[in-house]
file coords.cif (mmCIF, C-alpha atoms)
data_start
loop_
_atom_site.label_atom_id
_atom_site.label_comp_id
_atom_site.auth_asym_id
_atom_site.auth_seq_id
_atom_site.Cartn_x
_atom_site.Cartn_y
_atom_site.Cartn_z
CA MET A 13 -17.73 -15.43 1.99
CA THR A 14 -18.67 -14.86 -1.60
CA LEU A 15 -17.03 -13.12 -4.50
CA ASP A 16 -19.30 -10.09 -4.49
CA LYS A 17 -18.77 -9.48 -0.77
CA LEU A 18 -15.03 -9.44 -1.36
CA LEU A 19 -15.41 -7.10 -4.30
CA VAL A 20 -17.49 -4.73 -2.17
CA ILE A 21 -14.80 -4.80 0.54
CA ALA A 22 -12.16 -4.00 -2.05
CA ALA A 23 -14.31 -1.19 -3.42
CA ALA A 24 -14.69 0.27 0.08
CA LEU A 25 -10.94 0.07 0.61
CA PHE A 26 -10.33 1.73 -2.76
CA CYS A 27 -12.71 4.57 -1.98
CA CYS A 28 -11.11 5.18 1.42
CA GLY A 29 -7.74 5.35 -0.29
CA LEU A 30 -9.07 7.69 -2.95
CA TYR A 31 -10.58 9.96 -0.32
CA THR A 32 -7.28 10.03 1.54
CA VAL A 33 -5.36 10.91 -1.62
CA MET A 34 -7.81 13.66 -2.53
CA THR A 35 -8.14 15.37 0.84
CA ARG A 36 -4.78 15.11 2.61
CA ARG A 37 -2.08 17.68 2.08
CA ASN A 38 0.70 15.90 3.92
CA ALA A 39 2.60 13.86 1.34
CA VAL A 40 3.12 10.93 3.72
CA ALA A 41 -0.63 10.69 4.24
CA VAL A 42 -1.16 10.76 0.47
CA LEU A 43 1.25 7.83 0.23
CA MET A 44 -0.85 5.97 2.81
CA GLY A 45 -3.87 6.43 0.55
CA VAL A 46 -1.94 5.00 -2.39
CA GLU A 47 -1.04 1.96 -0.30
CA LEU A 48 -4.71 1.44 0.52
CA ILE A 49 -5.59 1.55 -3.18
CA LEU A 50 -2.90 -1.01 -3.98
CA ASN A 51 -4.26 -3.30 -1.26
CA ALA A 52 -7.74 -3.03 -2.73
CA THR A 53 -6.48 -4.17 -6.13
CA ASN A 54 -4.61 -7.03 -4.48
CA ILE A 55 -7.77 -8.25 -2.79
CA ASN A 56 -9.48 -8.23 -6.17
CA PHE A 57 -6.68 -10.21 -7.81
CA VAL A 58 -6.66 -12.86 -5.11
CA ALA A 59 -10.45 -13.10 -4.92
CA PHE A 60 -10.83 -13.58 -8.66
CA SER A 61 -8.04 -16.11 -8.70
CA PHE A 62 -9.71 -18.06 -5.87
CA PHE A 63 -13.26 -18.01 -7.18
CA LEU A 64 -13.02 -17.92 -10.95
CA ASN A 65 -10.00 -19.88 -12.02
CA ARG A 66 -7.68 -22.24 -10.33
CA MET A 67 -4.51 -20.84 -11.86
CA MET A 68 -2.01 -19.05 -9.66
CA GLY A 69 -1.83 -16.03 -11.97
CA GLY A 70 -3.77 -13.73 -9.68
CA GLN A 71 -1.59 -14.47 -6.69
CA ILE A 72 1.60 -14.02 -8.74
CA PHE A 73 0.32 -10.66 -9.91
CA ALA A 74 -0.41 -9.71 -6.31
CA VAL A 75 3.18 -10.58 -5.39
CA PHE A 76 4.44 -8.21 -8.07
CA VAL A 77 2.08 -5.48 -6.88
CA ILE A 78 3.52 -5.85 -3.37
CA VAL A 79 7.06 -5.58 -4.79
CA LEU A 80 6.12 -2.42 -6.66
CA ALA A 81 4.46 -0.95 -3.58
CA ALA A 82 7.58 -1.54 -1.52
CA ALA A 83 9.88 0.02 -4.12
CA GLU A 84 7.53 2.97 -4.55
CA ALA A 85 7.29 3.58 -0.81
CA ALA A 86 11.07 3.56 -0.38
CA VAL A 87 11.73 6.01 -3.20
CA ALA A 88 8.78 8.24 -2.30
CA LEU A 89 9.86 8.53 1.30
CA ALA A 90 13.40 9.40 0.23
CA ILE A 91 11.94 12.13 -1.98
CA PHE A 92 9.82 13.41 0.92
CA LEU A 93 12.85 13.65 3.19
CA ARG A 94 14.77 15.53 0.52
CA MET A 95 11.77 17.82 0.01
CA PHE A 96 11.57 18.45 3.75
CA SER A 97 15.23 19.42 3.95
CA THR A 98 14.83 21.76 0.96
CA THR A 99 11.48 23.42 1.62
CA GLY A 100 10.88 22.70 5.30
CA THR A 101 7.52 21.09 4.68
CA VAL A 102 6.08 17.97 3.10
CA GLU A 103 2.76 19.46 2.08
CA VAL A 104 2.04 18.56 -1.49
CA ASP A 105 0.79 21.97 -2.59
CA ALA A 106 3.77 23.75 -1.05
CA ALA A 107 6.17 22.12 -3.50
CA ASP A 108 5.36 24.16 -6.57
CA GLU A 109 8.80 25.41 -7.51
CA LEU A 110 10.57 23.58 -10.27
CA LYS A 111 14.00 25.07 -9.78
CA GLY A 112 14.77 27.22 -6.83
CA MET B 20 -18.08 -21.96 3.81
CA SER B 21 -20.08 -21.60 6.99
CA GLY B 22 -19.76 -21.58 10.73
CA PRO B 23 -16.71 -20.05 12.42
CA ALA B 24 -14.96 -19.28 9.13
CA GLU B 25 -17.79 -16.96 8.19
CA TYR B 26 -17.45 -15.06 11.48
CA ILE B 27 -13.71 -14.78 10.97
CA PHE B 28 -14.34 -13.46 7.48
CA PHE B 29 -16.67 -10.78 8.77
CA ALA B 30 -14.25 -9.86 11.55
CA ALA B 31 -11.36 -9.50 9.08
CA ALA B 32 -13.54 -7.52 6.67
CA ALA B 33 -14.75 -5.20 9.41
CA MET B 34 -11.20 -4.64 10.62
CA THR B 35 -9.97 -3.91 7.10
CA VAL B 36 -12.69 -1.48 6.13
CA GLY B 37 -13.06 0.14 9.55
CA ALA B 38 -9.36 0.82 9.84
CA ALA B 39 -9.29 2.13 6.27
CA ILE B 40 -12.07 4.59 7.11
CA LEU B 41 -10.07 5.68 10.15
CA VAL B 42 -7.05 6.25 7.89
CA ALA B 43 -9.20 8.48 5.73
CA ILE B 44 -10.72 10.59 8.50
CA LEU B 45 -8.31 10.65 11.47
CA PRO B 46 -6.75 14.12 11.70
CA ASN B 47 -3.52 12.97 13.36
CA ILE B 48 -1.20 11.35 10.86
CA LEU B 49 0.41 9.10 13.48
CA TYR B 50 -2.94 7.62 14.42
CA ALA B 51 -3.67 7.20 10.72
CA ALA B 52 -0.44 5.20 10.31
CA VAL B 53 -1.41 2.89 13.17
CA ALA B 54 -4.89 2.44 11.70
CA LEU B 55 -3.24 1.58 8.38
CA LEU B 56 -1.36 -1.18 10.19
CA PHE B 57 -4.64 -2.74 11.32
CA SER B 58 -6.06 -2.42 7.83
CA PHE B 59 -3.10 -4.30 6.36
CA ALA B 60 -3.42 -6.99 9.01
CA GLY B 61 -7.09 -7.40 8.11
CA VAL B 62 -6.15 -7.79 4.46
CA ALA B 63 -3.70 -10.52 5.48
CA GLY B 64 -6.58 -12.29 7.24
CA LEU B 65 -8.65 -12.10 4.06
CA TYR B 66 -5.74 -13.64 2.12
CA VAL B 67 -5.68 -16.57 4.54
CA LEU B 68 -9.39 -17.13 3.99
CA LEU B 69 -8.82 -16.99 0.22
CA SER B 70 -6.26 -19.78 0.35
CA ALA B 71 -3.33 -17.46 -0.28
CA ASP B 72 -1.04 -18.40 2.58
CA PHE B 73 2.17 -17.21 0.94
CA LEU B 74 0.62 -13.84 0.15
CA ALA B 75 -0.65 -13.46 3.70
CA ALA B 76 2.85 -14.01 5.07
CA THR B 77 4.28 -11.60 2.49
CA GLN B 78 1.67 -9.03 3.39
CA ILE B 79 2.61 -9.19 7.06
CA LEU B 80 6.34 -9.11 6.33
CA VAL B 81 6.40 -6.38 3.70
CA TYR B 82 3.54 -4.12 4.68
CA VAL B 83 3.25 -4.43 8.43
CA GLY B 84 6.96 -5.01 8.99
CA GLY B 85 8.40 -2.77 6.33
CA ILE B 86 6.18 -0.13 4.83
CA ILE B 87 4.51 0.92 8.09
CA VAL B 88 7.92 1.34 9.72
CA LEU B 89 9.08 3.39 6.74
CA LEU B 90 5.97 5.55 6.95
CA LEU B 91 6.46 6.13 10.66
CA PHE B 92 10.09 7.07 10.04
CA ALA B 93 8.96 9.55 7.41
CA VAL B 94 6.37 11.04 9.75
CA PHE B 95 8.92 11.48 12.51
CA LEU B 96 11.65 12.82 10.25
CA SER B 97 9.51 15.19 8.24
CA ASN B 98 7.73 16.99 11.07
CA ARG B 99 9.31 19.17 13.65
CA ILE B 100 8.78 17.70 17.08
CA SER B 101 8.27 21.18 18.50
CA ASP B 102 5.22 21.68 16.31
CA THR B 103 2.16 21.37 18.46
CA LYS B 104 0.24 19.46 15.85
CA ILE B 105 1.68 16.80 13.65
CA THR B 106 0.40 18.48 10.56
CA ASN B 107 -2.39 17.01 8.62
CA PRO B 108 -4.74 19.64 7.34
CA THR B 109 -7.34 18.44 4.89
CA HIS B 110 -9.15 20.26 2.14
CA PHE B 111 -11.88 19.62 -0.45
CA ARG B 112 -13.61 17.35 2.04
CA LEU B 113 -17.16 17.58 0.78
CA PRO B 114 -16.58 17.08 -2.97
CA ALA B 115 -14.11 14.29 -2.28
CA ALA B 116 -16.58 12.50 -0.02
CA THR B 117 -19.30 12.86 -2.64
CA ILE B 118 -17.11 11.49 -5.42
CA CYS B 119 -15.94 8.57 -3.27
CA LEU B 120 -19.43 7.61 -2.10
CA VAL B 121 -20.80 7.72 -5.64
CA LEU B 122 -17.87 5.69 -6.90
CA PHE B 123 -18.36 3.17 -4.10
CA GLY B 124 -22.02 2.84 -5.03
CA VAL B 125 -21.22 2.27 -8.69
CA LEU B 126 -18.48 -0.25 -7.96
CA SER B 127 -20.60 -2.16 -5.45
CA TYR B 128 -23.56 -2.25 -7.81
CA ALA B 129 -21.35 -3.53 -10.61
CA ALA B 130 -19.84 -6.16 -8.33
CA VAL B 131 -23.15 -7.41 -6.98
CA SER B 132 -25.14 -7.35 -10.19
CA THR B 133 -22.61 -9.07 -12.46
CA PRO B 134 -23.23 -12.82 -12.75
CA TYR B 135 -19.82 -14.41 -12.32
CA ALA B 136 -19.29 -18.07 -13.13
CA VAL B 137 -18.12 -18.82 -9.61
CA LYS B 138 -16.52 -22.17 -8.95
CA LYS B 139 -16.11 -23.66 -5.53
CA GLY B 140 -12.80 -22.55 -4.13
CA VAL B 141 -10.35 -25.17 -2.95
CA TYR B 142 -7.82 -24.80 -0.16
CA LEU B 143 -4.34 -25.85 -1.13
CA PRO B 144 -0.92 -24.64 -0.04
CA THR B 145 0.33 -22.13 -2.59
CA ALA B 146 3.95 -21.37 -1.74
CA ALA B 147 5.36 -24.27 -3.77
CA ASP B 148 3.21 -23.43 -6.80
CA ILE B 149 4.13 -19.74 -6.66
CA GLY B 150 7.81 -20.56 -6.38
CA GLU B 151 7.66 -22.94 -9.31
CA LEU B 152 5.76 -20.49 -11.51
CA LEU B 153 8.16 -17.67 -10.64
CA MET B 154 11.04 -19.82 -11.83
CA THR B 155 9.38 -21.03 -15.01
CA ARG B 156 6.51 -19.13 -16.57
CA TYR B 157 7.02 -15.79 -14.84
CA LEU B 158 10.80 -15.81 -14.89
CA LEU B 159 11.18 -12.62 -16.94
CA PRO B 160 8.92 -10.46 -14.71
CA PHE B 161 10.70 -11.92 -11.70
CA GLU B 162 14.10 -10.83 -12.99
CA VAL B 163 12.78 -7.43 -14.05
CA ALA B 164 11.37 -6.98 -10.53
CA SER B 165 14.78 -7.75 -9.06
CA VAL B 166 16.38 -5.08 -11.27
CA LEU B 167 13.62 -2.67 -10.26
CA LEU B 168 14.27 -3.32 -6.58
CA LEU B 169 17.97 -2.70 -7.08
CA ALA B 170 17.22 0.57 -8.88
CA ALA B 171 14.83 1.63 -6.10
CA LEU B 172 17.47 0.78 -3.50
CA ILE B 173 20.14 2.86 -5.21
CA GLY B 174 17.73 5.68 -5.92
CA ALA B 175 16.48 5.88 -2.35
CA ALA B 176 20.01 5.83 -0.94
CA LEU B 177 21.14 8.50 -3.38
CA LEU B 178 18.15 10.76 -2.76
CA SER B 179 18.21 10.61 1.00
CA ARG B 180 21.95 11.26 1.34
CA PRO B 181 22.58 14.65 2.90
CA ASP B 182 24.12 17.36 0.82
CA ARG B 183 27.87 17.64 1.11
CA PRO B 184 30.08 20.31 -0.31
CA ALA B 185 32.01 18.95 -3.27
CA PRO B 186 35.32 17.53 -2.02
CA GLU B 187 38.55 19.02 -3.25
CA LYS B 188 40.66 17.00 -5.61
CA GLY B 189 43.20 15.90 -3.05
CA ASP B 190 40.61 14.57 -0.63
CA MET B 191 39.21 11.98 -2.96
CA GLU B 192 41.25 9.09 -1.60
CA GLU B 193 40.06 7.84 1.72
CA GLY B 194 43.54 6.72 2.77
CA LYS B 195 44.90 10.23 3.14
CA ARG B 196 42.84 11.06 6.20
#

call {"tool": "encode", "arguments": {"input": "coords.cif", "output": "structure tokens"}}
result
Amino acid sequence: MTLDKLLVIAAALFCCGLYTVMTRRNAVAVLMGVELILNATNINFVAFSFFLNRMMGGQIFAVFVIVLAAAEAAVALAIFLRMFSTTGTVEVDAADELKG
Amino acid sequence: MSGPAEYIFFAAAAMTVGAAILVAILPNILYAAVALLFSFAGVAGLYVLLSADFLAATQILVYVGGIIVLLLFAVFLSNRISDTKITNPTHFRLPAATICLVLFGVLSYAAVSTPYAVKKGVYLPTAADIGELLMTRYLLPFEVASVLLLAALIGAALLSRPDRPAPEKGDMEEGKR
């Protein structure tokens, strides 16, 4: 286990998340991609904090990222449910009306 | 680090990346959610190997226990059961794959070719340190995060409440019913 292996793993995770965000049309699946990207950044934070400096800063930052991810998921899913009851679909390119 | 720990590292890494690839390519969104669960569990394993025990427990609790359940709820509530497919059409597959592969190459090259001043990692319990730092040096972000969570809670409850016709003036008090 070395730092560059972990960075490559995080890069792979990030690219999977990016691919998911770019190709999926279902909003819930797009949210899954965002969660993957957040996990990739968390791996980077923890790996750098373990290998480069002994301070806890990286892990604290990862805790805050997890908090943000949880808050974002809750609000986003509430928005998706509201969007489903209004438009009958959760596909991201179907929601193109601002007021209607 | 050598011996069994190295095998465990490779197993966790393979589970993380393999499940993430499945999330990206599986056509059924339910299967993708389950694959995401395995990916998060693999990330928790990596945290354990990186001496982040508190984060590993948080990862299991928040992601596997919370966010996956929320995602599954959203999948079930936002698709009609009578639909034959649980919808997940994809588009722009080829350009997206090209961009992602190129980006992965660039990131991996940058990660491998940069000479980091790596120190030998030490394994210590972290929960006490994290708790102490959250109460001293990172107190302000901690409090701001608590306000943010409260706002998210209220916002989610408000957004997901079903529409009701506006009540008439006399009905405002609950006691009259």

call {"tool": "residues_around", "arguments": {"input": "coords.cif", "residues": "range 68-70 of chain A", "least_positions_apart": "3", "cutoff": "9 Å", "atoms": "all atoms listed in the file", "output": "PyMOL selection string"}}
result
(chain A and resi 54+56-62+65+73-75) or (chain B and resi 145+148-149+152)

call {"tool": "residues_around", "arguments": {"input": "coords.cif", "residues": "Glu84 in chain A", "least_positions_apart": "5", "cutoff": "9 Å", "atoms": "all atoms listed in the file", "output": "list in words"}}
result
Val79 and Leu89 of chain A; Ala171 of chain B

call {"tool": "closest_atom_pairs", "arguments": {"input": "coords.cif", "of": "chain A", "to": "chain B", "cutoff": "8 Å", "atoms": "only C-alpha atoms", "output": "JSON lines"}}
result
{"residue": "A:Met13", "atom": "CA", "partner": "B:Glu25", "partner_atom": "CA", "distance": 6.4}
{"residue": "A:Leu15", "atom": "CA", "partner": "B:Val137", "partner_atom": "CA", "distance": 7.7}
{"residue": "A:Asp16", "atom": "CA", "partner": "B:Val131", "partner_atom": "CA", "distance": 5.3}
{"residue": "A:Lys17", "atom": "CA", "partner": "B:Val131", "partner_atom": "CA", "distance": 7.9}
{"residue": "A:Leu19", "atom": "CA", "partner": "B:Ala130", "partner_atom": "CA", "distance": 6.1}
{"residue": "A:Val20", "atom": "CA", "partner": "B:Ser127", "partner_atom": "CA", "distance": 5.2}
{"residue": "A:Ile21", "atom": "CA", "partner": "B:Ala32", "partner_atom": "CA", "distance": 6.8}
{"residue": "A:Ala23", "atom": "CA", "partner": "B:Phe123", "partner_atom": "CA", "distance": 6.0}
{"residue": "A:Ala24", "atom": "CA", "partner": "B:Phe123", "partner_atom": "CA", "distance": 6.3}
{"residue": "A:Leu25", "atom": "CA", "partner": "B:Val36", "partner_atom": "CA", "distance": 6.0}
{"residue": "A:Cys27", "atom": "CA", "partner": "B:Cys119", "partner_atom": "CA", "distance": 5.3}
{"residue": "A:Cys28", "atom": "CA", "partner": "B:Ala43", "partner_atom": "CA", "distance": 5.8}
{"residue": "A:Gly29", "atom": "CA", "partner": "B:Ala43", "partner_atom": "CA", "distance": 6.9}
{"residue": "A:Leu30", "atom": "CA", "partner": "B:Cys119", "partner_atom": "CA", "distance": 6.9}
{"residue": "A:Tyr31", "atom": "CA", "partner": "B:Ala115", "partner_atom": "CA", "distance": 5.9}
{"residue": "A:Thr32", "atom": "CA", "partner": "B:Ala43", "partner_atom": "CA", "distance": 4.9}
{"residue": "A:Met34", "atom": "CA", "partner": "B:Ala115", "partner_atom": "CA", "distance": 6.3}
{"residue": "A:Thr35", "atom": "CA", "partner": "B:Thr109", "partner_atom": "CA", "distance": 5.1}
{"residue": "A:Arg36", "atom": "CA", "partner": "B:Thr109", "partner_atom": "CA", "distance": 4.8}
{"residue": "A:Arg37", "atom": "CA", "partner": "B:Thr109", "partner_atom": "CA", "distance": 6.0}
{"residue": "A:Asn38", "atom": "CA", "partner": "B:Asn107", "partner_atom": "CA", "distance": 5.7}
{"residue": "A:Val40", "atom": "CA", "partner": "B:Val94", "partner_atom": "CA", "distance": 6.9}
{"residue": "A:Ala41", "atom": "CA", "partner": "B:Ile48", "partner_atom": "CA", "distance": 6.7}
{"residue": "A:Met44", "atom": "CA", "partner": "B:Leu55", "partner_atom": "CA", "distance": 7.5}
{"residue": "A:Gly45", "atom": "CA", "partner": "B:Ala43", "partner_atom": "CA", "distance": 7.7}
{"residue": "A:Leu48", "atom": "CA", "partner": "B:Ala39", "partner_atom": "CA", "distance": 7.4}
{"residue": "A:Asn51", "atom": "CA", "partner": "B:Val62", "partner_atom": "CA", "distance": 7.5}
{"residue": "A:Ile55", "atom": "CA", "partner": "B:Val62", "partner_atom": "CA", "distance": 7.4}
{"residue": "A:Val58", "atom": "CA", "partner": "B:Leu69", "partner_atom": "CA", "distance": 7.1}
{"residue": "A:Ala59", "atom": "CA", "partner": "B:Leu69", "partner_atom": "CA", "distance": 6.6}
{"residue": "A:Phe62", "atom": "CA", "partner": "B:Gly140", "partner_atom": "CA", "distance": 5.7}
{"residue": "A:Phe63", "atom": "CA", "partner": "B:Gly140", "partner_atom": "CA", "distance": 5.5}
{"residue": "A:Leu64", "atom": "CA", "partner": "B:Val137", "partner_atom": "CA", "distance": 5.3}
{"residue": "A:Asn65", "atom": "CA", "partner": "B:Lys138", "partner_atom": "CA", "distance": 7.6}
{"residue": "A:Met68", "atom": "CA", "partner": "B:Ile149", "partner_atom": "CA", "distance": 6.9}
{"residue": "A:Gln71", "atom": "CA", "partner": "B:Leu74", "partner_atom": "CA", "distance": 7.2}
{"residue": "A:Ile72", "atom": "CA", "partner": "B:Ile149", "partner_atom": "CA", "distance": 6.6}
{"residue": "A:Ala74", "atom": "CA", "partner": "B:Leu74", "partner_atom": "CA", "distance": 7.7}
{"residue": "A:Val75", "atom": "CA", "partner": "B:Leu74", "partner_atom": "CA", "distance": 6.9}
{"residue": "A:Phe76", "atom": "CA", "partner": "B:Ala164", "partner_atom": "CA", "distance": 7.5}
{"residue": "A:Ile78", "atom": "CA", "partner": "B:Val81", "partner_atom": "CA", "distance": 7.7}
{"residue": "A:Val79", "atom": "CA", "partner": "B:Ala164", "partner_atom": "CA", "distance": 7.3}
{"residue": "A:Leu80", "atom": "CA", "partner": "B:Ala164", "partner_atom": "CA", "distance": 8.0}
{"residue": "A:Ala82", "atom": "CA", "partner": "B:Ile86", "partner_atom": "CA", "distance": 6.7}
{"residue": "A:Ala83", "atom": "CA", "partner": "B:Ala171", "partner_atom": "CA", "distance": 5.6}
{"residue": "A:Glu84", "atom": "CA", "partner": "B:Ala171", "partner_atom": "CA", "distance": 7.6}
{"residue": "A:Ala85", "atom": "CA", "partner": "B:Ile86", "partner_atom": "CA", "distance": 6.8}
{"residue": "A:Ala86", "atom": "CA", "partner": "B:Ala175", "partner_atom": "CA", "distance": 6.2}
{"residue": "A:Val87", "atom": "CA", "partner": "B:Ala175", "partner_atom": "CA", "distance": 4.8}
{"residue": "A:Leu89", "atom": "CA", "partner": "B:Ala93", "partner_atom": "CA", "distance": 6.3}
{"residue": "A:Ala90", "atom": "CA", "partner": "B:Ser179", "partner_atom": "CA", "distance": 5.0}
{"residue": "A:Ile91", "atom": "CA", "partner": "B:Leu178", "partner_atom": "CA", "distance": 6.4}
{"residue": "A:Phe92", "atom": "CA", "partner": "B:Ser97", "partner_atom": "CA", "distance": 7.5}
{"residue": "A:Leu93", "atom": "CA", "partner": "B:Ser97", "partner_atom": "CA", "distance": 6.2}
{"residue": "A:Arg94", "atom": "CA", "partner": "B:Ser179", "partner_atom": "CA", "distance": 6.0}
{"residue": "A:Phe96", "atom": "CA", "partner": "B:Ser97", "partner_atom": "CA", "distance": 5.9}
{"residue": "A:Thr101", "atom": "CA", "partner": "B:Ser97", "partner_atom": "CA", "distance": 7.2}
{"residue": "A:Val102", "atom": "CA", "partner": "B:Ser97", "partner_atom": "CA", "distance": 6.8}

call {"tool": "write_last_selection", "arguments": {"input": "coords.cif", "atoms": "C-alpha atoms", "output": "mmCIF file, in the coordinates of the input"}}
result
data_model
loop_
_atom_site.group_PDB
_atom_site.id
_atom_site.type_symbol
_atom_site.label_atom_id
_atom_site.label_comp_id
_atom_site.auth_asym_id
_atom_site.auth_seq_id
_atom_site.Cartn_x
_atom_site.Cartn_y
_atom_site.Cartn_z
ATOM 1 C CA MET A 13 -17.730 -15.430 1.990
ATOM 2 C CA LEU A 15 -17.030 -13.120 -4.500
ATOM 3 C CA ASP A 16 -19.300 -10.090 -4.490
ATOM 4 C CA LYS A 17 -18.770 -9.480 -0.770
ATOM 5 C CA LEU A 19 -15.410 -7.100 -4.300
ATOM 6 C CA VAL A 20 -17.490 -4.730 -2.170
ATOM 7 C CA ILE A 21 -14.800 -4.800 0.540
ATOM 8 C CA ALA A 23 -14.310 -1.190 -3.420
ATOM 9 C CA ALA A 24 -14.690 0.270 0.080
ATOM 10 C CA LEU A 25 -10.940 0.070 0.610
ATOM 11 C CA CYS A 27 -12.710 4.570 -1.980
ATOM 12 C CA CYS A 28 -11.110 5.180 1.420
ATOM 13 C CA GLY A 29 -7.740 5.350 -0.290
ATOM 14 C CA LEU A 30 -9.070 7.690 -2.950
ATOM 15 C CA TYR A 31 -10.580 9.960 -0.320
ATOM 16 C CA THR A 32 -7.280 10.030 1.540
ATOM 17 C CA MET A 34 -7.810 13.660 -2.530
ATOM 18 C CA THR A 35 -8.140 15.370 0.840
ATOM 19 C CA ARG A 36 -4.780 15.110 2.610
ATOM 20 C CA ARG A 37 -2.080 17.680 2.080
ATOM 21 C CA ASN A 38 0.700 15.900 3.920
ATOM 22 C CA VAL A 40 3.120 10.930 3.720
ATOM 23 C CA ALA A 41 -0.630 10.690 4.240
ATOM 24 C CA MET A 44 -0.850 5.970 2.810
ATOM 25 C CA GLY A 45 -3.870 6.430 0.550
ATOM 26 C CA LEU A 48 -4.710 1.440 0.520
ATOM 27 C CA ASN A 51 -4.260 -3.300 -1.260
ATOM 28 C CA ILE A 55 -7.770 -8.250 -2.790
ATOM 29 C CA VAL A 58 -6.660 -12.860 -5.110
ATOM 30 C CA ALA A 59 -10.450 -13.100 -4.920
ATOM 31 C CA PHE A 62 -9.710 -18.060 -5.870
ATOM 32 C CA PHE A 63 -13.260 -18.010 -7.180
ATOM 33 C CA LEU A 64 -13.020 -17.920 -10.950
ATOM 34 C CA ASN A 65 -10.000 -19.880 -12.020
ATOM 35 C CA MET A 68 -2.010 -19.050 -9.660
ATOM 36 C CA GLN A 71 -1.590 -14.470 -6.690
ATOM 37 C CA ILE A 72 1.600 -14.020 -8.740
ATOM 38 C CA ALA A 74 -0.410 -9.710 -6.310
ATOM 39 C CA VAL A 75 3.180 -10.580 -5.390
ATOM 40 C CA PHE A 76 4.440 -8.210 -8.070
ATOM 41 C CA ILE A 78 3.520 -5.850 -3.370
ATOM 42 C CA VAL A 79 7.060 -5.580 -4.790
ATOM 43 C CA LEU A 80 6.120 -2.420 -6.660
ATOM 44 C CA ALA A 82 7.580 -1.540 -1.520
ATOM 45 C CA ALA A 83 9.880 0.020 -4.120
ATOM 46 C CA GLU A 84 7.530 2.970 -4.550
ATOM 47 C CA ALA A 85 7.290 3.580 -0.810
ATOM 48 C CA ALA A 86 11.070 3.560 -0.380
ATOM 49 C CA VAL A 87 11.730 6.010 -3.200
ATOM 50 C CA LEU A 89 9.860 8.530 1.300
ATOM 51 C CA ALA A 90 13.400 9.400 0.230
ATOM 52 C CA ILE A 91 11.940 12.130 -1.980
ATOM 53 C CA PHE A 92 9.820 13.410 0.920
ATOM 54 C CA LEU A 93 12.850 13.650 3.190
ATOM 55 C CA ARG A 94 14.770 15.530 0.520
ATOM 56 C CA PHE A 96 11.570 18.450 3.750
ATOM 57 C CA THR A 101 7.520 21.090 4.680
ATOM 58 C CA VAL A 102 6.080 17.970 3.100
#

call {"tool": "atom_distance", "arguments": {"input": "coords.cif", "atom1": "CA of Tyr50 in chain B", "atom2": "CA of Val67 in chain B"}}
result
26.3 Å

call {"tool": "atom_distance", "arguments": {"input": "coords.cif", "atom1": "CA of Ile79 in chain B", "atom2": "CA of Thr53 in chain A"}}
result
16.8 Å

call {"tool": "decode", "arguments": {"input": "coords.cif", "residues": "range 28-39 of chain A", "atoms": "N, CA and C atoms", "output": "PDB file, in the first residue's frame"}}
result
ATOM      1  N   CYS A  28     -15.139   7.009 -12.597  1.00  0.00           N
ATOM      2  CA  CYS A  28     -16.415   6.284 -12.639  1.00  0.00           C
ATOM      3  C   CYS A  28     -17.566   7.210 -12.275  1.00  0.00           C
ATOM      4  N   GLY A  29     -17.357   8.026 -11.233  1.00  0.00           N
ATOM      5  CA  GLY A  29     -18.412   8.957 -10.842  1.00  0.00           C
ATOM      6  C   GLY A  29     -18.702   9.967 -11.926  1.00  0.00           C
ATOM      7  N   LEU A  30     -17.632  10.463 -12.562  1.00  0.00           N
ATOM      8  CA  LEU A  30     -17.810  11.448 -13.620  1.00  0.00           C
ATOM      9  C   LEU A  30     -18.566  10.855 -14.797  1.00  0.00           C
ATOM     10  N   TYR A  31     -18.213   9.603 -15.139  1.00  0.00           N
ATOM     11  CA  TYR A  31     -18.908   8.935 -16.241  1.00  0.00           C
ATOM     12  C   TYR A  31     -20.391   8.765 -15.913  1.00  0.00           C
ATOM     13  N   THR A  32     -20.659   8.384 -14.649  1.00  0.00           N
ATOM     14  CA  THR A  32     -22.059   8.230 -14.249  1.00  0.00           C
ATOM     15  C   THR A  32     -22.814   9.545 -14.372  1.00  0.00           C
ATOM     16  N   VAL A  33     -22.188  10.628 -13.888  1.00  0.00           N
ATOM     17  CA  VAL A  33     -22.862  11.926 -13.950  1.00  0.00           C
ATOM     18  C   VAL A  33     -23.113  12.334 -15.393  1.00  0.00           C
ATOM     19  N   MET A  34     -22.149  12.039 -16.276  1.00  0.00           N
ATOM     20  CA  MET A  34     -22.284  12.519 -17.650  1.00  0.00           C
ATOM     21  C   MET A  34     -23.272  11.703 -18.459  1.00  0.00           C
ATOM     22  N   THR A  35     -23.401  10.396 -18.182  1.00  0.00           N
ATOM     23  CA  THR A  35     -24.208   9.584 -19.084  1.00  0.00           C
ATOM     24  C   THR A  35     -25.622   9.340 -18.591  1.00  0.00           C
ATOM     25  N   ARG A  36     -25.852   9.299 -17.282  1.00  0.00           N
ATOM     26  CA  ARG A  36     -27.177   8.920 -16.810  1.00  0.00           C
ATOM     27  C   ARG A  36     -28.164  10.059 -17.004  1.00  0.00           C
ATOM     28  N   ARG A  37     -29.412   9.685 -17.214  1.00  0.00           N
ATOM     29  CA  ARG A  37     -30.454  10.705 -17.288  1.00  0.00           C
ATOM     30  C   ARG A  37     -31.336  10.704 -16.064  1.00  0.00           C
ATOM     31  N   ASN A  38     -31.385   9.577 -15.366  1.00  0.00           N
ATOM     32  CA  ASN A  38     -32.166   9.527 -14.130  1.00  0.00           C
ATOM     33  C   ASN A  38     -31.437  10.329 -13.049  1.00  0.00           C
ATOM     34  N   ALA A  39     -32.158  11.253 -12.407  1.00  0.00           N
ATOM     35  CA  ALA A  39     -31.504  12.150 -11.465  1.00  0.00           C
ATOM     36  C   ALA A  39     -30.924  11.403 -10.268  1.00  0.00           C
TER      37      ALA A  39
END
